[in-house]
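Here the structure comes first, spelled out in structure tokens, and everything after it is commentary.
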Amino acid sequence: MNRFDFRNPTQILFGEGRVADLDAQIPADARVLVLYGGQSAERHGTLDEVRAALGKRDVVEFAGIEANPRFATLMRAVELARREQVDFLLAVGGGSVVDGTKFVAAAIPFAGDPWSILTEHGANVTAAVPFGTVLTLPATGSEMNHGSVITNDAVKAKLAFMSPHVYPAFSVLDPTKTYTLPQRQLANGVADAFVHIIEQYLTYPVDAMVQDRFAEGLLQTLIELAPRLKQDDHDYAARANFMWTTTWALNGMIGAGAPQDWASHMIGHELTALYDIDHARTLAIVLPSLMNEMRDAKREKLLQYAERVWGIDTGDDASRIDQVIERTREFFEQLGIPTTLAAYDLGSEAVDAVVEQLESHGMTALGERQQVTLDVSRRILEAALAPAQLTV
């Protein structure tokens with residue numbers, strides 16, 4: 001196991017009805033900016049619960065944070081926050097709203113060009129306005145980590161930043177808030193969390209036994225939950241386990257002391273920036289092809305993944321790796337998520353465009369061993385062009 005530091009200061013308030021506990025988490029004299037996305041939080045009553053819990057505090061609201069939050073939109077929130085002199089932020093929504101709120105929190109006190117927070121990947125962030133979250137869409141794990149991903153349409157870029165200053169002070173996780181989610185968002189959440197785990201697990205062995213077993217258990221949990229999430233909108237146990245799994249997928253624990261990949265994410269981010277494909281769906285396009293392209297470098301962990309997660313323990317090494325790649329692809333397809341570029345009406349022109357974007361953003365040596373060069377990224381994308389033949 002590699003050396004590591006691990007700290008996670010976010011307090012989790014988990015369970016039905018926990019929005020009411022906001023009052024005890026936010027200073028009574030705080031000036032609060034509530035940030036959210038579309039109208040679902042209003043329509044389904046979550047915002048009314050939040051307003052009631054905030055009581056007599058001075059509250060300002062900012063709506064309209066998009067899926068794949070946009071830099072221009074968030075800068076309007078920054079301007080509002082500065083003008084109203086708010087000193088606490090509250091994100092109400094899914095990972096995009098939380099990611100956006102992290103950027104706003106860092107940008108409010110930032111003295112330089114706020115876009116440089118992204119181009120410097122957070123290294124220049126020295127302070128942030130405190131904030132909490134009320135999670136309504138489980139997927140990204142942003143409610144319990146210090147990372148954020150922001151899209152800038154003006155420069156066709158989707159970039160990430162990390163800073164210890166943007167851990168949420170607390171996050172409210174009420175599984176009943178997922179009852180009204182459409183199947184597309186639930187499927188995306190499963191896929192997103194699945195790939196988050198894979199990025200920290202499917203690398204090369206370093207005898208991180210605890211992290212491996214945690215990761216394998218989380219993957220198996222998502223596989224088991226996926227059909228239940230389709231069948232019953234009010235299965236509290238399924239929704240509670242789903243919400244908690246997505247949080248643990250990216251709260252730092254399973255990646256501590258272990259090598260991490262993230263090439264699927266970096267390539268996927270470019271697909272989103274160029275073609276506005278749902279983030280989780282870009283991961284489902286890229287991951288199976290990446291697994292096949294990197295099958296030699298990842299051989300030991302691919303075989304471990306095959307046996308421990310999918311129960312594939314017969315046949316020679318090549319056969320078992322073939323099987324587990326197809327089982328992974330099939331899992332995404334059964335969620336209703338296509339795994340090829342062709343399914344999104346994209347052809348070879350998209351391969352050229354994504355590779356060009358990777359080069360322009362310095363993404364020329366990705367993966368746990370920096371072996372995913374531009375040529376390798378091109379091969380991964382080319383392999384993802386054609387319709388998959390699901391044989392498992």
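In the structure tokens, chains take the letters A, B, ... in the order shown, each chain's residues start at 1, and ligands count up from 1 in the order shown.
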
Using DSSP assignments from the backbone, pull out every residue in stretch 147-312 of chain A that falls under strand (DSSP E or B) and give it to me as a PyMOL selection string. chain A and resi 147-152+157-162+170-173

Need to verify the contact set: stretch 296-309 of chain A, 6 Å, only C-alpha atoms, exclusion of same-chain residues closer than 2 positions in sequence. Can you return it as an mmCIF file with all heavy atoms, in the first residue's frame?
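File result.cif, as written:
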data_model
loop_
_atom_site.group_PDB
_atom_site.id
_atom_site.type_symbol
_atom_site.label_atom_id
_atom_site.label_comp_id
_atom_site.auth_asym_id
_atom_site.auth_seq_id
_atom_site.Cartn_x
_atom_site.Cartn_y
_atom_site.Cartn_z
ATOM 1 N N LEU A 202 -9.364 -0.407 -10.491
ATOM 2 C CA LEU A 202 -8.881 -1.195 -11.621
ATOM 3 C C LEU A 202 -7.593 -0.587 -12.167
ATOM 4 O O LEU A 202 -7.561 0.019 -13.234
ATOM 5 C CB LEU A 202 -9.963 -1.269 -12.701
ATOM 6 C CG LEU A 202 -9.760 -2.334 -13.769
ATOM 7 C CD1 LEU A 202 -9.720 -3.727 -13.175
ATOM 8 C CD2 LEU A 202 -10.869 -2.239 -14.806
ATOM 9 N N THR A 203 -6.523 -0.749 -11.408
ATOM 10 C CA THR A 203 -5.236 -0.170 -11.774
ATOM 11 C C THR A 203 -4.179 -1.273 -11.739
ATOM 12 O O THR A 203 -4.113 -2.091 -12.628
ATOM 13 C CB THR A 203 -4.887 0.993 -10.826
ATOM 14 O OG1 THR A 203 -4.968 0.536 -9.462
ATOM 15 C CG2 THR A 203 -5.835 2.153 -11.010
ATOM 16 N N TYR A 204 -3.354 -1.312 -10.712
ATOM 17 C CA TYR A 204 -2.402 -2.403 -10.516
ATOM 18 C C TYR A 204 -2.302 -2.670 -9.016
ATOM 19 O O TYR A 204 -2.571 -1.792 -8.199
ATOM 20 C CB TYR A 204 -1.024 -2.091 -11.119
ATOM 21 C CG TYR A 204 -0.384 -0.814 -10.628
ATOM 22 C CD1 TYR A 204 0.384 -0.801 -9.462
ATOM 23 C CD2 TYR A 204 -0.531 0.374 -11.331
ATOM 24 C CE1 TYR A 204 0.977 0.367 -9.006
ATOM 25 C CE2 TYR A 204 0.062 1.544 -10.888
ATOM 26 C CZ TYR A 204 0.812 1.536 -9.721
ATOM 27 O OH TYR A 204 1.394 2.697 -9.276
ATOM 28 N N GLU A 216 -14.805 -3.542 -4.088
ATOM 29 C CA GLU A 216 -15.545 -4.686 -4.636
ATOM 30 C C GLU A 216 -16.941 -4.790 -4.039
ATOM 31 O O GLU A 216 -17.919 -5.079 -4.753
ATOM 32 C CB GLU A 216 -14.751 -5.971 -4.372
ATOM 33 C CG GLU A 216 -13.486 -6.058 -5.215
ATOM 34 C CD GLU A 216 -12.398 -6.919 -4.595
ATOM 35 O OE1 GLU A 216 -12.623 -7.505 -3.508
ATOM 36 O OE2 GLU A 216 -11.298 -6.996 -5.190
ATOM 37 N N MET A 294 -6.088 -1.418 -22.340
ATOM 38 C CA MET A 294 -5.101 -1.497 -21.264
ATOM 39 C C MET A 294 -5.104 -2.868 -20.583
ATOM 40 O O MET A 294 -4.654 -3.001 -19.450
ATOM 41 C CB MET A 294 -5.393 -0.392 -20.230
ATOM 42 C CG MET A 294 -5.427 1.017 -20.799
ATOM 43 S SD MET A 294 -3.890 1.466 -21.670
ATOM 44 C CE MET A 294 -2.739 1.473 -20.309
ATOM 45 N N GLY A 311 -17.725 -13.089 -10.464
ATOM 46 C CA GLY A 311 -17.701 -14.540 -10.310
ATOM 47 C C GLY A 311 -17.170 -15.284 -11.519
ATOM 48 O O GLY A 311 -17.490 -16.458 -11.718
ATOM 49 N N ILE A 312 -16.347 -14.632 -12.331
ATOM 50 C CA ILE A 312 -15.769 -15.261 -13.519
ATOM 51 C C ILE A 312 -14.428 -15.883 -13.124
ATOM 52 O O ILE A 312 -13.437 -15.163 -12.904
ATOM 53 C CB ILE A 312 -15.576 -14.230 -14.646
ATOM 54 C CG1 ILE A 312 -16.921 -13.605 -15.038
ATOM 55 C CG2 ILE A 312 -14.896 -14.857 -15.856
ATOM 56 C CD1 ILE A 312 -16.795 -12.398 -15.953
ATOM 57 N N ASP A 313 -14.387 -17.197 -12.998
ATOM 58 C CA ASP A 313 -13.179 -17.851 -12.502
ATOM 59 C C ASP A 313 -12.772 -19.074 -13.314
ATOM 60 O O ASP A 313 -11.970 -19.895 -12.860
ATOM 61 C CB ASP A 313 -13.345 -18.238 -11.033
ATOM 62 C CG ASP A 313 -14.550 -19.142 -10.789
ATOM 63 O OD1 ASP A 313 -15.210 -19.543 -11.771
ATOM 64 O OD2 ASP A 313 -14.831 -19.441 -9.612
ATOM 65 N N VAL A 324 -15.140 -10.307 -18.689
ATOM 66 C CA VAL A 324 -15.464 -9.258 -17.722
ATOM 67 C C VAL A 324 -15.642 -7.912 -18.410
ATOM 68 O O VAL A 324 -16.448 -7.080 -17.970
ATOM 69 C CB VAL A 324 -14.413 -9.196 -16.601
ATOM 70 C CG1 VAL A 324 -13.144 -8.444 -17.002
ATOM 71 C CG2 VAL A 324 -15.023 -8.563 -15.355
#

Near-A:Arg3 list (12 Å; only C-alpha atoms; drop same-chain fewer than 6 positions) as a CSV table (one decimal) with all heavy atoms, in the first residue's frame:
chain,number,residue,atom,x,y,z
A,206,VAL,N,-1.3,-3.0,-5.2
A,206,VAL,CA,-0.3,-2.5,-4.2
A,206,VAL,C,-0.6,-3.1,-2.8
A,206,VAL,O,-0.2,-2.5,-1.8
A,206,VAL,CB,-0.3,-1.0,-4.2
A,206,VAL,CG1,0.3,-0.4,-5.5
A,206,VAL,CG2,-1.7,-0.4,-3.9
A,208,ALA,N,-3.4,-3.2,-1.2
A,208,ALA,CA,-4.3,-2.3,-0.5
A,208,ALA,C,-5.6,-3.1,-0.3
A,208,ALA,O,-6.6,-2.9,-0.9
A,208,ALA,CB,-4.6,-1.0,-1.2
A,255,GLY,N,-9.7,5.3,-2.4
A,255,GLY,CA,-8.6,5.7,-3.2
A,255,GLY,C,-7.3,5.9,-2.4
A,255,GLY,O,-6.2,6.1,-2.9
A,256,ALA,N,-7.5,6.0,-1.1
A,256,ALA,CA,-6.3,6.2,-0.2
A,256,ALA,C,-5.3,5.1,-0.3
A,256,ALA,O,-5.6,3.9,-0.1
A,256,ALA,CB,-6.8,6.4,1.3
A,257,GLY,N,-4.0,5.5,-0.6
A,257,GLY,CA,-3.0,4.5,-0.6
A,257,GLY,C,-3.0,3.6,-1.8
A,257,GLY,O,-2.2,2.6,-1.9
A,258,ALA,N,-3.8,3.9,-2.8
A,258,ALA,CA,-3.9,3.1,-4.0
A,258,ALA,C,-3.7,3.9,-5.2
A,258,ALA,O,-4.0,5.1,-5.2
A,258,ALA,CB,-5.3,2.4,-4.1
A,259,PRO,N,-3.1,3.4,-6.3
A,259,PRO,CA,-3.0,4.1,-7.5
A,259,PRO,C,-4.4,4.4,-8.1
A,259,PRO,O,-5.3,3.6,-7.9
A,259,PRO,CB,-2.2,3.2,-8.4
A,259,PRO,CG,-2.4,1.9,-7.9
A,259,PRO,CD,-2.6,2.0,-6.4

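Nearest residue to A:Phe332 among A:Arg369, A:Arg184, A:His269, A:Arg213 is A:Arg184, counting only C-alpha atoms.
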
Write out as a list in words which residues come within 10 Å of A:His44 when counting only C-alpha atoms, dropping same-chain ones fewer than 6 positions away.
Lys177, Tyr179 and Thr180 of chain A

Have a look at A:Asp278, A:Val32, A:His196, A:Asp207 and name the one nearest to A:Ser96; count only C-alpha atoms.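 Under the stated criterion, the closest residue is A:Asp278.
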
A:Ser40, A:Ile108, A:Gly132, A:Ile197 ranked by distance to A:Pro182, top pick (using only C-alpha atoms)
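Smallest distance to A:Pro182 is found for A:Ser40.
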
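We find atom CA of A:Asp322 and atom CA of A:Val190 to be spaced 22.6 Å apart.
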
One residue among A:Leu381, A:Leu89, A:Val104, A:Leu225 is nearest to A:Asp352 when using only C-alpha atoms, and that residue is A:Leu381

With stretch 46-58 of chain A as the partner and 12 Å as the cut-off, tabulate the residues of stretch 81-115 of chain A that qualify, each row holding the nearest pair of atoms and their distance in Å to one decimal, using only C-alpha atoms, sorted by chain and rising number, as a Markdown table.
| residue | atom | partner | partner_atom | distance |
| --- | --- | --- | --- | --- |
| A:Glu84 | CA | A:Asp58 | CA | 9.9 |
| A:Gln85 | CA | A:Asp58 | CA | 10.6 |
| A:Val86 | CA | A:Asp58 | CA | 8.7 |
| A:Asp87 | CA | A:Asp58 | CA | 10.4 |
| A:Phe88 | CA | A:Asp58 | CA | 10.4 |
| A:Leu89 | CA | A:Asp58 | CA | 11.7 |
| A:Leu90 | CA | A:Val50 | CA | 9.4 |
| A:Ala91 | CA | A:Val50 | CA | 10.4 |
| A:Val92 | CA | A:Leu47 | CA | 7.7 |
| A:Gly93 | CA | A:Thr46 | CA | 9.3 |
